[in-house]
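Asks: I am sharing coords23.cif, which consists of mmCIF, C-alpha atoms and all ligand atoms:
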data_protein
loop_
_atom_site.group_PDB
_atom_site.id
_atom_site.type_symbol
_atom_site.label_atom_id
_atom_site.label_comp_id
_atom_site.auth_asym_id
_atom_site.auth_seq_id
_atom_site.Cartn_x
_atom_site.Cartn_y
_atom_site.Cartn_z
ATOM 1 C CA MET A 87 0.000 0.000 0.000
ATOM 2 C CA ILE A 88 1.323 3.458 -0.903
ATOM 3 C CA MET A 89 0.847 5.884 1.985
ATOM 4 C CA LYS A 90 -0.138 9.392 1.023
ATOM 5 C CA LYS A 91 2.101 12.053 2.586
ATOM 6 C CA ILE A 92 0.093 13.989 5.153
ATOM 7 C CA ASP A 93 1.054 17.624 5.610
ATOM 8 C CA ILE A 94 0.433 18.916 9.128
ATOM 9 C CA SER A 95 2.619 21.979 8.811
ATOM 10 C CA SER A 96 0.974 25.369 9.177
ATOM 11 C CA ASN A 97 1.247 28.859 7.826
ATOM 12 C CA ILE A 98 0.206 31.670 10.152
ATOM 13 C CA ASN A 99 0.022 34.556 7.729
ATOM 14 C CA GLY A 100 3.471 33.783 6.328
ATOM 15 C CA ILE A 101 4.952 32.417 9.575
ATOM 16 C CA LYS A 102 5.789 28.824 8.666
ATOM 17 C CA LEU A 103 5.383 26.240 11.411
ATOM 18 C CA PRO A 104 6.892 22.830 10.558
ATOM 19 C CA LEU A 105 4.072 21.330 12.673
ATOM 20 C CA CYS A 106 0.740 22.966 13.558
ATOM 21 C CA ILE A 107 1.149 22.064 17.267
ATOM 22 C CA MET A 108 3.019 24.131 19.872
ATOM 23 C CA ASN A 109 2.945 24.908 23.589
ATOM 24 C CA ALA A 110 0.531 27.350 25.190
ATOM 25 C CA SER A 111 2.141 30.293 26.919
ATOM 26 C CA GLY A 112 2.618 29.740 30.619
ATOM 27 C CA VAL A 113 3.224 26.006 30.625
ATOM 28 C CA LEU A 114 6.848 24.872 30.979
ATOM 29 C CA CYS A 115 8.197 27.835 29.027
ATOM 30 C CA SER A 116 9.630 30.085 31.740
ATOM 31 C CA THR A 117 13.168 28.900 32.471
ATOM 32 C CA ASP A 118 16.294 28.376 30.361
ATOM 33 C CA LYS A 119 15.878 24.592 30.706
ATOM 34 C CA GLU A 120 12.180 24.582 29.789
ATOM 35 C CA LEU A 121 12.695 26.810 26.763
ATOM 36 C CA SER A 122 15.717 24.774 25.595
ATOM 37 C CA ASN A 123 13.586 21.617 25.882
ATOM 38 C CA LEU A 124 10.936 23.224 23.694
ATOM 39 C CA LEU A 125 13.510 24.292 21.098
ATOM 40 C CA HIS A 126 14.676 20.669 20.857
ATOM 41 C CA SER A 127 11.196 19.141 20.890
ATOM 42 C CA PHE A 128 8.757 18.210 18.134
ATOM 43 C CA SER A 129 6.676 21.353 18.779
ATOM 44 C CA GLY A 130 6.116 23.459 15.677
ATOM 45 C CA GLY A 131 6.928 26.704 17.476
ATOM 46 C CA VAL A 132 7.906 27.999 20.885
ATOM 47 C CA VAL A 133 5.762 30.380 22.900
ATOM 48 C CA THR A 134 7.438 32.005 25.898
ATOM 49 C CA LYS A 135 5.842 32.640 29.309
ATOM 50 C CA SER A 136 4.078 36.010 29.270
ATOM 51 C CA CYS A 137 6.593 38.569 30.443
ATOM 52 C CA THR A 138 6.632 41.967 32.064
ATOM 53 C CA TYR A 139 9.389 44.574 32.184
ATOM 54 C CA LYS A 140 10.567 43.638 35.679
ATOM 55 C CA PRO A 141 10.845 40.046 36.935
ATOM 56 C CA ARG A 142 7.863 38.910 39.023
ATOM 57 C CA LYS A 143 7.589 36.165 41.632
ATOM 58 C CA GLY A 144 3.868 35.735 41.027
ATOM 59 C CA ASN A 145 1.257 34.639 43.574
ATOM 60 C CA VAL A 146 1.763 32.489 46.664
ATOM 61 C CA LEU A 147 1.875 28.674 46.466
ATOM 62 C CA PRO A 148 0.023 26.420 45.928
ATOM 63 C CA ARG A 149 -1.139 28.181 42.774
ATOM 64 C CA TYR A 150 -1.717 25.297 40.339
ATOM 65 C CA PHE A 151 -3.855 22.190 40.686
ATOM 66 C CA GLU A 152 -5.018 19.591 38.198
ATOM 67 C CA TRP A 153 -7.594 16.817 38.157
ATOM 68 C CA SER A 154 -8.712 14.317 35.534
ATOM 69 C CA ARG A 155 -10.681 16.766 33.382
ATOM 70 C CA GLY A 156 -8.989 20.086 33.973
ATOM 71 C CA SER A 157 -6.687 22.445 35.793
ATOM 72 C CA ILE A 158 -6.991 25.580 37.872
ATOM 73 C CA ASN A 159 -4.246 28.173 38.217
ATOM 74 C CA SER A 160 -3.603 31.510 39.785
ATOM 75 C CA MET A 161 0.074 31.872 38.948
ATOM 76 C CA GLY A 162 -0.010 35.682 38.917
ATOM 77 C CA LEU A 163 2.335 36.188 35.967
ATOM 78 C CA PRO A 164 5.589 34.874 37.444
ATOM 79 C CA ASN A 165 8.376 35.569 34.923
ATOM 80 C CA PHE A 166 12.011 36.624 34.729
ATOM 81 C CA GLY A 167 11.375 39.895 32.884
ATOM 82 C CA ILE A 168 11.633 40.565 29.159
ATOM 83 C CA ASN A 169 15.436 40.880 29.107
ATOM 84 C CA PHE A 170 15.824 37.309 30.316
ATOM 85 C CA TYR A 171 13.759 35.989 27.386
ATOM 86 C CA LEU A 172 15.479 38.210 24.805
ATOM 87 C CA ASN A 173 18.926 37.241 26.154
ATOM 88 C CA PHE A 174 17.998 33.559 26.085
ATOM 89 C CA LEU A 175 16.975 33.829 22.439
ATOM 90 C CA GLU A 176 20.120 35.787 21.569
ATOM 91 C CA ARG A 177 22.299 32.921 22.854
ATOM 92 C CA LYS A 178 20.404 30.127 21.101
ATOM 93 C CA LYS A 179 20.323 28.708 17.629
ATOM 94 C CA ILE A 180 16.696 29.101 16.622
ATOM 95 C CA ASN A 181 15.165 26.383 14.480
ATOM 96 C CA LYS A 182 11.448 27.230 14.602
ATOM 97 C CA PRO A 183 9.205 30.281 14.981
ATOM 98 C CA ILE A 184 9.437 32.041 18.350
ATOM 99 C CA PHE A 185 6.362 33.735 19.790
ATOM 100 C CA LEU A 186 7.328 36.158 22.552
ATOM 101 C CA SER A 187 4.342 36.471 24.855
ATOM 102 C CA ILE A 188 4.074 39.809 26.597
ATOM 103 C CA SER A 189 1.668 40.921 29.292
ATOM 104 C CA GLY A 190 2.516 44.371 30.590
ATOM 105 C CA LEU A 191 0.585 45.673 33.589
ATOM 106 C CA SER A 192 -0.296 48.947 31.861
ATOM 107 C CA ALA A 193 -0.693 50.193 28.294
ATOM 108 C CA LYS A 194 2.579 52.086 28.654
ATOM 109 C CA GLU A 195 4.431 48.970 29.792
ATOM 110 C CA ASN A 196 3.022 47.024 26.858
ATOM 111 C CA TYR A 197 4.215 49.680 24.374
ATOM 112 C CA PHE A 198 7.677 49.458 25.909
ATOM 113 C CA LEU A 199 7.707 45.628 25.744
ATOM 114 C CA ILE A 200 6.536 45.644 22.133
ATOM 115 C CA GLN A 201 9.272 48.137 21.251
ATOM 116 C CA LYS A 202 11.880 45.853 22.894
ATOM 117 C CA ALA A 203 10.527 42.822 20.999
ATOM 118 C CA ASN A 204 10.773 44.800 17.749
ATOM 119 C CA GLU A 205 14.506 45.239 18.363
ATOM 120 C CA SER A 206 15.200 41.478 18.525
ATOM 121 C CA SER A 207 15.801 39.563 15.299
ATOM 122 C CA LYS A 208 15.182 36.287 17.197
ATOM 123 C CA VAL A 209 11.532 37.060 17.901
ATOM 124 C CA THR A 210 9.364 35.822 15.037
ATOM 125 C CA ALA A 211 6.126 37.245 16.391
ATOM 126 C CA ILE A 212 4.631 38.853 19.458
ATOM 127 C CA GLU A 213 1.705 37.219 21.257
ATOM 128 C CA LEU A 214 0.164 40.086 23.201
ATOM 129 C CA ASN A 215 -1.688 38.659 26.185
ATOM 130 C CA LEU A 216 -4.815 40.682 26.934
ATOM 131 C CA SER A 217 -6.373 37.950 29.025
ATOM 132 C CA CYS A 218 -4.440 37.076 32.191
ATOM 133 C CA PRO A 219 -7.205 36.136 34.641
ATOM 134 C CA ASN A 220 -5.166 36.175 37.848
ATOM 135 C CA LEU A 221 -3.730 39.594 38.536
ATOM 136 C CA LEU A 222 -4.305 40.972 42.000
ATOM 137 C CA GLU A 223 -3.337 44.538 41.083
ATOM 138 C CA LYS A 224 -6.144 45.312 38.670
ATOM 139 C CA GLU A 225 -9.625 44.032 38.260
ATOM 140 C CA ASP A 226 -10.511 43.965 34.591
ATOM 141 C CA MET A 227 -8.429 42.465 31.846
ATOM 142 C CA LEU A 228 -8.103 44.483 28.661
ATOM 143 C CA GLY A 229 -9.702 41.719 26.607
ATOM 144 C CA TYR A 230 -13.009 42.485 28.346
ATOM 145 C CA ASP A 231 -12.645 46.252 28.092
ATOM 146 C CA PHE A 232 -14.157 46.982 24.678
ATOM 147 C CA ASP A 233 -13.769 50.749 25.059
ATOM 148 C CA LYS A 234 -10.050 50.755 25.820
ATOM 149 C CA VAL A 235 -8.852 47.995 23.509
ATOM 150 C CA SER A 236 -9.334 49.818 20.192
ATOM 151 C CA ASN A 237 -7.287 52.881 21.154
ATOM 152 C CA PHE A 238 -4.639 50.640 22.703
ATOM 153 C CA ILE A 239 -4.162 48.597 19.520
ATOM 154 C CA GLU A 240 -4.216 51.710 17.368
ATOM 155 C CA ASN A 241 -1.285 53.114 19.356
ATOM 156 C CA ILE A 242 0.650 49.850 18.973
ATOM 157 C CA PHE A 243 0.439 49.923 15.189
ATOM 158 C CA LYS A 244 1.870 53.448 15.114
ATOM 159 C CA PHE A 245 5.306 51.914 15.747
ATOM 160 C CA ASN A 246 5.116 48.101 15.669
ATOM 161 C CA ASN A 247 6.721 46.296 12.714
ATOM 162 C CA LYS A 248 6.734 42.721 14.048
ATOM 163 C CA PRO A 249 4.065 40.169 13.272
ATOM 164 C CA LEU A 250 1.655 40.566 16.165
ATOM 165 C CA GLY A 251 -1.132 38.398 17.499
ATOM 166 C CA ILE A 252 -3.464 38.762 20.448
ATOM 167 C CA LYS A 253 -4.253 36.190 23.111
ATOM 168 C CA LEU A 254 -7.909 36.575 23.978
ATOM 169 C CA PRO A 255 -10.040 35.521 26.910
ATOM 170 C CA PRO A 256 -13.102 33.353 26.326
ATOM 171 C CA TYR A 257 -16.262 35.256 25.435
ATOM 172 C CA PHE A 258 -19.734 33.981 26.198
ATOM 173 C CA GLN A 259 -21.899 36.204 24.053
ATOM 174 C CA ASP A 260 -22.066 36.412 20.294
ATOM 175 C CA ALA A 261 -22.205 40.233 20.454
ATOM 176 C CA HIS A 262 -18.945 40.359 22.410
ATOM 177 C CA ILE A 263 -17.098 38.301 19.805
ATOM 178 C CA LYS A 264 -18.609 40.396 17.014
ATOM 179 C CA ASN A 265 -17.483 43.601 18.796
ATOM 180 C CA ILE A 266 -13.911 42.461 19.346
ATOM 181 C CA ALA A 267 -13.672 41.068 15.806
ATOM 182 C CA LEU A 268 -14.883 44.398 14.375
ATOM 183 C CA ILE A 269 -12.129 46.171 16.312
ATOM 184 C CA LEU A 270 -9.398 43.673 15.375
ATOM 185 C CA ASN A 271 -10.418 43.750 11.700
ATOM 186 C CA GLN A 272 -9.300 47.384 11.522
ATOM 187 C CA PHE A 273 -5.654 46.527 12.227
ATOM 188 C CA PRO A 274 -2.873 44.531 10.503
ATOM 189 C CA ILE A 275 -3.036 41.767 13.112
ATOM 190 C CA PHE A 276 -1.422 38.456 12.084
ATOM 191 C CA PHE A 277 -3.327 36.111 14.370
ATOM 192 C CA ILE A 278 -5.415 35.684 17.476
ATOM 193 C CA THR A 279 -4.923 32.941 20.021
ATOM 194 C CA CYS A 280 -8.130 31.826 21.640
ATOM 195 C CA ILE A 281 -8.817 30.990 24.353
ATOM 196 C CA ASN A 282 -6.959 31.790 27.572
ATOM 197 C CA SER A 283 -8.193 29.979 30.687
ATOM 198 C CA LEU A 284 -11.791 30.527 31.854
ATOM 199 C CA PRO A 285 -11.436 33.153 34.573
ATOM 200 C CA ASN A 286 -12.674 32.893 38.145
ATOM 201 C CA GLY A 287 -13.346 29.189 38.369
ATOM 202 C CA LEU A 288 -13.364 27.293 41.648
ATOM 203 C CA PHE A 289 -12.330 23.700 42.331
ATOM 204 C CA ILE A 290 -13.078 22.082 45.663
ATOM 205 C CA ASP A 291 -11.515 19.271 47.658
ATOM 206 C CA VAL A 292 -14.563 17.727 49.355
ATOM 207 C CA ASN A 293 -12.552 15.764 51.903
ATOM 208 C CA LYS A 294 -10.882 18.888 53.180
ATOM 209 C CA GLU A 295 -13.962 21.011 52.372
ATOM 210 C CA SER A 296 -11.473 23.470 51.000
ATOM 211 C CA VAL A 297 -10.331 25.254 47.893
ATOM 212 C CA VAL A 298 -7.196 23.791 46.260
ATOM 213 C CA ILE A 299 -5.090 26.874 45.494
ATOM 214 C CA ARG A 300 -4.120 29.617 47.951
ATOM 215 C CA PRO A 301 -4.258 32.940 46.011
ATOM 216 C CA LYS A 302 -7.541 34.818 45.570
ATOM 217 C CA LYS A 303 -9.411 32.537 47.996
ATOM 218 C CA GLY A 304 -9.051 29.629 45.582
ATOM 219 C CA PHE A 305 -10.440 31.300 42.460
ATOM 220 C CA GLY A 306 -8.403 30.819 39.299
ATOM 221 C CA GLY A 307 -8.295 30.257 35.562
ATOM 222 C CA ILE A 308 -9.672 26.920 34.367
ATOM 223 C CA GLY A 309 -7.969 24.947 31.600
ATOM 224 C CA GLY A 310 -8.010 21.382 30.298
ATOM 225 C CA SER A 311 -10.552 19.185 28.565
ATOM 226 C CA ILE A 312 -13.593 20.669 30.337
ATOM 227 C CA ILE A 313 -13.065 24.002 28.549
ATOM 228 C CA LYS A 314 -12.864 22.535 25.030
ATOM 229 C CA PRO A 315 -16.497 23.369 24.070
ATOM 230 C CA PHE A 316 -15.862 27.042 24.933
ATOM 231 C CA ALA A 317 -12.590 27.088 22.973
ATOM 232 C CA LEU A 318 -14.305 25.548 19.940
ATOM 233 C CA ALA A 319 -17.196 28.016 20.136
ATOM 234 C CA ASN A 320 -14.877 31.029 20.335
ATOM 235 C CA ILE A 321 -12.675 29.784 17.498
ATOM 236 C CA HIS A 322 -15.641 29.117 15.243
ATOM 237 C CA LYS A 323 -17.341 32.434 15.905
ATOM 238 C CA PHE A 324 -14.100 34.370 15.393
ATOM 239 C CA TYR A 325 -13.557 32.399 12.187
ATOM 240 C CA THR A 326 -16.838 33.728 10.835
ATOM 241 C CA TYR A 327 -16.336 37.335 12.003
ATOM 242 C CA LEU A 328 -12.613 37.965 11.474
ATOM 243 C CA ARG A 329 -10.959 39.089 8.253
ATOM 244 C CA LYS A 330 -9.864 35.934 6.478
ATOM 245 C CA ASP A 331 -6.168 36.886 6.605
ATOM 246 C CA ILE A 332 -6.152 36.931 10.410
ATOM 247 C CA SER A 333 -5.217 33.394 11.428
ATOM 248 C CA ILE A 334 -6.584 31.688 14.519
ATOM 249 C CA ILE A 335 -4.419 29.682 16.881
ATOM 250 C CA GLY A 336 -6.701 27.405 18.864
ATOM 251 C CA CYS A 337 -6.034 26.743 22.540
ATOM 252 C CA GLY A 338 -8.182 24.971 25.090
ATOM 253 C CA GLY A 339 -8.839 21.393 26.036
ATOM 254 C CA ILE A 340 -6.610 19.534 23.586
ATOM 255 C CA SER A 341 -5.344 16.142 24.699
ATOM 256 C CA SER A 342 -5.658 14.046 21.528
ATOM 257 C CA GLY A 343 -5.247 14.201 17.749
ATOM 258 C CA LYS A 344 -9.046 14.203 17.475
ATOM 259 C CA ASP A 345 -9.233 17.349 19.630
ATOM 260 C CA ILE A 346 -6.805 19.065 17.249
ATOM 261 C CA PHE A 347 -8.978 18.008 14.315
ATOM 262 C CA GLU A 348 -11.978 19.647 16.019
ATOM 263 C CA HIS A 349 -10.090 22.921 16.587
ATOM 264 C CA ILE A 350 -9.037 23.046 12.929
ATOM 265 C CA LEU A 351 -12.534 22.132 11.721
ATOM 266 C CA CYS A 352 -13.754 25.193 13.662
ATOM 267 C CA GLY A 353 -11.211 27.404 11.902
ATOM 268 C CA ALA A 354 -7.880 27.164 13.735
ATOM 269 C CA SER A 355 -4.715 27.184 11.625
ATOM 270 C CA ALA A 356 -2.566 25.860 14.452
ATOM 271 C CA VAL A 357 -3.036 24.836 18.066
ATOM 272 C CA GLN A 358 -1.426 25.263 21.469
ATOM 273 C CA ILE A 359 -1.256 22.730 24.282
ATOM 274 C CA GLY A 360 -1.463 23.910 27.905
ATOM 275 C CA THR A 361 -2.828 21.621 30.620
ATOM 276 C CA GLN A 362 -2.012 18.407 28.739
ATOM 277 C CA PHE A 363 1.597 19.568 28.210
ATOM 278 C CA MET A 364 1.814 20.219 31.970
ATOM 279 C CA LYS A 365 0.442 16.710 32.697
ATOM 280 C CA GLU A 366 2.432 14.771 30.127
ATOM 281 C CA GLY A 367 5.627 16.708 29.552
ATOM 282 C CA ILE A 368 7.608 17.330 26.393
ATOM 283 C CA SER A 369 6.721 14.005 24.707
ATOM 284 C CA VAL A 370 3.139 15.293 24.209
ATOM 285 C CA PHE A 371 4.105 16.966 20.917
ATOM 286 C CA GLU A 372 5.374 13.805 19.257
ATOM 287 C CA ARG A 373 2.337 11.822 20.457
ATOM 288 C CA LEU A 374 -0.117 14.442 19.197
ATOM 289 C CA LYS A 375 1.722 14.685 15.887
ATOM 290 C CA LYS A 376 1.331 10.920 15.425
ATOM 291 C CA GLU A 377 -2.310 10.933 16.526
ATOM 292 C CA LEU A 378 -3.253 13.809 14.227
ATOM 293 C CA THR A 379 -1.480 12.201 11.257
ATOM 294 C CA LEU A 380 -3.280 8.906 11.887
ATOM 295 C CA PHE A 381 -6.627 10.644 12.323
ATOM 296 C CA LEU A 382 -6.231 12.515 9.005
ATOM 297 C CA GLU A 383 -5.102 9.335 7.276
ATOM 298 C CA LYS A 384 -8.328 7.615 8.369
ATOM 299 C CA LYS A 385 -10.329 10.631 7.216
ATOM 300 C CA ASN A 386 -8.432 10.645 3.933
ATOM 301 C CA TYR A 387 -7.308 14.259 4.325
ATOM 302 C CA SER A 388 -3.796 15.136 3.130
ATOM 303 C CA SER A 389 -3.466 18.605 4.693
ATOM 304 C CA ILE A 390 -5.147 20.760 7.313
ATOM 305 C CA ASN A 391 -6.293 23.237 4.687
ATOM 306 C CA SER A 392 -8.674 20.694 3.180
ATOM 307 C CA PHE A 393 -10.985 20.824 6.215
ATOM 308 C CA LYS A 394 -10.029 24.024 8.089
ATOM 309 C CA GLY A 395 -13.135 25.980 9.105
ATOM 310 C CA LYS A 396 -15.485 23.606 7.315
ATOM 311 C CA LEU A 397 -17.658 22.669 10.284
ATOM 312 C CA LYS A 398 -21.125 21.752 9.002
ATOM 313 C CA ASN A 399 -24.500 22.819 10.343
ATOM 314 C CA ILE A 400 -27.500 20.504 10.488
ATOM 315 C CA GLN A 401 -29.830 21.596 7.679
HETATM 316 O O1 LIG B 1 0.327 33.753 35.113
HETATM 317 C C1 LIG B 1 -0.904 33.526 35.180
HETATM 318 O O2 LIG B 1 -1.545 33.530 36.245
HETATM 319 C C2 LIG B 1 -1.693 33.267 33.970
HETATM 320 C C3 LIG B 1 -1.611 34.034 32.823
HETATM 321 BR BR1 LIG B 1 -0.401 35.453 32.633
HETATM 322 C C4 LIG B 1 -2.487 33.774 31.751
HETATM 323 O O3 LIG B 1 -2.504 34.441 30.703
HETATM 324 N N1 LIG B 1 -3.369 32.745 31.892
HETATM 325 C C5 LIG B 1 -3.426 31.987 32.991
HETATM 326 O O4 LIG B 1 -4.254 31.058 33.069
HETATM 327 N N2 LIG B 1 -2.579 32.253 34.038
#
Any chance you could put this one into structure tokens?

Replies:
Amino acid sequence: MIMKKIDISSNINGIKLPLCIMNASGVLCSTDKELSNLLHSFSGGVVTKSCTYKPRKGNVLPRYFEWSRGSINSMGLPNFGINFYLNFLERKKINKPIFLSISGLSAKENYFLIQKANESSKVTAIELNLSCPNLLEKEDMLGYDFDKVSNFIENIFKFNNKPLGIKLPPYFQDAHIKNIALILNQFPIFFITCINSLPNGLFIDVNKESVVIRPKKGFGGIGGSIIKPFALANIHKFYTYLRKDISIIGCGGISSGKDIFEHILCGASAVQIGTQFMKEGISVFERLKKELTLFLEKKNYSSINSFKGKLKNIQ
């Protein structure tokens, strides 16, 4: 039997990923060792932990917990500061696209971080995180502030020359997705990543009758397989409302090749793995690559473009 070659590479608006699967920002992408592991892994790209200007310790421990169907975190943006990530990249031989995730605590800080990222030839693209659910210092994330976000992005494109994408929170109303898409469509954005964790979830240990993480009285961002329906819904709605040249990177609830197929069917051009990467470690990328290839082989698809965004309705 002659096996057809199955192409699971991806093209994010000209950014070529050898494989459409990479890590989600935040998971095992903070330290020199973790980032080196990712550079040497099967992942199609490397996303760095969201960074600020100054290093941050983040929230008190325990701040991450996982169970069979999900995870809860309130990390609080622990990171070594942008210079650490830029210096790391400067020292390394880069063999795949690098997405520098930034998450400044103010608009001004974000402008500064974007300017710094523009000065590095090792940064392929910026993933601007407008959706960290766990900050103690400010209440609302920019991704939910429809009034501020337009002006903020307009200012960025006055000076930014790097490919730039935006990491979005989950939305739960059609009108909200339409609103944000209308704003994003006005700018030369390369991609969106959706979704970040579902904010303000609560997981309970019934034996102890207690929450499972210490910060914010146990409230935190929910990830893992239980959030997949929300990720799929956001991806599919954005796929219908966004300009067709803005790619979607799907994130949320992927633990199998079939899950990746579902994200792409909804309109994702590539995917990121968060909770499952945390659970399984670096070998997750090779396993998912194999599973996706096998799944497409059974479906008789030879590339992701042949089914991307083609989710059917019931007539
Ligand atoms: O560090 C965190 O608490 C965190 C971030 Br910045 C984010 O974007 N999403 C998340 O679930 N946790």

Asks: Please write as a PyMOL selection string the full residue list that the PyMOL selection byres (((not hetatm)) within 6 of (chain B and resi 1)) yields on this file.

Replies: chain A and resi 136+159-164+217-220+282-283+307

Asks: Interatomic distance between atom CA of A:Leu254 and atom CA of A:Lys119?

Replies: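 Distance reported for this atom pair: 27.5 Å.
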
Asks: Figure out the distance between atom CA of A:Met227 and atom CA of A:His262, please, to one decimal in Å.

Replies: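 Atom CA of A:His262 sits 14.3 Å away from atom CA of A:Met227.
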
Asks: Given the PyMOL selection byres (((chain A and resi 184) around 9) and not hetatm) and the file above, list the residues it selects as a CSV table (one decimal) with C-alpha atoms, keeping the file's coordinate frame.

Replies:
chain,number,residue,atom,x,y,z
A,131,GLY,CA,6.9,26.7,17.5
A,132,VAL,CA,7.9,28.0,20.9
A,133,VAL,CA,5.8,30.4,22.9
A,134,THR,CA,7.4,32.0,25.9
A,175,LEU,CA,17.0,33.8,22.4
A,180,ILE,CA,16.7,29.1,16.6
A,181,ASN,CA,15.2,26.4,14.5
A,182,LYS,CA,11.4,27.2,14.6
A,183,PRO,CA,9.2,30.3,15.0
A,185,PHE,CA,6.4,33.7,19.8
A,186,LEU,CA,7.3,36.2,22.6
A,208,LYS,CA,15.2,36.3,17.2
A,209,VAL,CA,11.5,37.1,17.9
A,210,THR,CA,9.4,35.8,15.0
A,211,ALA,CA,6.1,37.2,16.4
A,212,ILE,CA,4.6,38.9,19.5

Asks: Interatomic distance between atom CA of A:Cys280 and atom CA of A:Ser95?

Replies: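 These two atoms are separated by 19.4 Å.
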
Asks: So that I can check the surroundings of A:Asp331, please list as a PDB file with C-alpha atoms, in the coordinates of the input every protein, DNA and RNA residue that reaches within 10 Å of it, counting all atoms listed in the file and ignoring chain neighbours fewer than 4 positions away.

Replies:
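Output below, filename around04.pdb:
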ATOM      1  CA  ILE A  98       0.206  31.670  10.152  1.00  0.00           C
ATOM      2  CA  ASN A  99       0.022  34.556   7.729  1.00  0.00           C
ATOM      3  CA  ASN A 271     -10.418  43.750  11.700  1.00  0.00           C
ATOM      4  CA  PRO A 274      -2.873  44.531  10.503  1.00  0.00           C
ATOM      5  CA  ILE A 275      -3.036  41.767  13.112  1.00  0.00           C
ATOM      6  CA  PHE A 276      -1.422  38.456  12.084  1.00  0.00           C
ATOM      7  CA  PHE A 277      -3.327  36.111  14.370  1.00  0.00           C
TER       8      PHE A 277
END

Asks: Excluding A:Pro315 and any residue of its chain fewer than 4 positions from it, enumerate the residues within 10 Å of it, using only C-alpha atoms, and give them as a ChimeraX atom specification.

Replies: /A:311,319-321,338-339,348-349

Asks: What lies within 9 Å of A:Ile188 using all atoms listed in the file, ignoring chain neighbours under 3 positions off, as a ChimeraX atom specification?

Replies: /A:134-138,168,196,199-200,212-216

Asks: Translate the PyMOL selection byres (((chain A and resi 287) around 7) and not hetatm), as applied to the file shown, into an explicit residue set as a short mmCIF file (atom, residue, chain, number, x, y, z; two decimals) with C-alpha atoms, in the frame of the given file.

Replies:
data_model
loop_
_atom_site.label_atom_id
_atom_site.label_comp_id
_atom_site.auth_asym_id
_atom_site.auth_seq_id
_atom_site.Cartn_x
_atom_site.Cartn_y
_atom_site.Cartn_z
CA LEU A 284 -11.79 30.53 31.85
CA PRO A 285 -11.44 33.15 34.57
CA ASN A 286 -12.67 32.89 38.15
CA LEU A 288 -13.36 27.29 41.65
CA PHE A 289 -12.33 23.70 42.33
CA PHE A 305 -10.44 31.30 42.46
CA GLY A 306 -8.40 30.82 39.30
CA GLY A 307 -8.30 30.26 35.56
CA ILE A 308 -9.67 26.92 34.37
#

Asks: Pick the closest to A:Asn109 from A:Leu124, A:Ile252, A:Ile350, A:Ala193: which is it, counting all atoms listed in the file?

Replies: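 Closest to A:Asn109, using all atoms listed in the file: A:Leu124.
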
Asks: Skip A:Cys352 itself and residues of its chain fewer than 2 positions away, then list as JSON, numbers by chain all residues within 10 Å of it, counting all atoms listed in the file.

Replies: {"A": [317, 318, 319, 320, 321, 322, 323, 324, 325, 326, 334, 336, 346, 347, 348, 349, 350, 354, 355, 393, 394, 395, 396, 397, 398]}

Asks: So which one's closest to A:Glu152, A:Lys365, A:Lys253, A:Arg300, A:Lys202? Using all atoms listed in the file, please.

Replies: A:Lys365

Asks: For stretch 202-205 of chain A, I'd like the enclosing box, axis-aligned and padded by 8 Å on every side, reported as JSON with centre and edge lengths in Å to one decimal.

Replies:
{"center_x": 12.5, "center_y": 44.3, "center_z": 20.3, "size_x": 20.0, "size_y": 19.0, "size_z": 21.1}

Asks: Here is a test: counting all atoms listed in the file, which residue of A:Ala261, A:Ile266, A:Ile94, A:Ile400 is nearest to A:Ile107?

Replies: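 Once distances to A:Ile107 are computed over all atoms listed in the file, the minimum belongs to A:Ile94.
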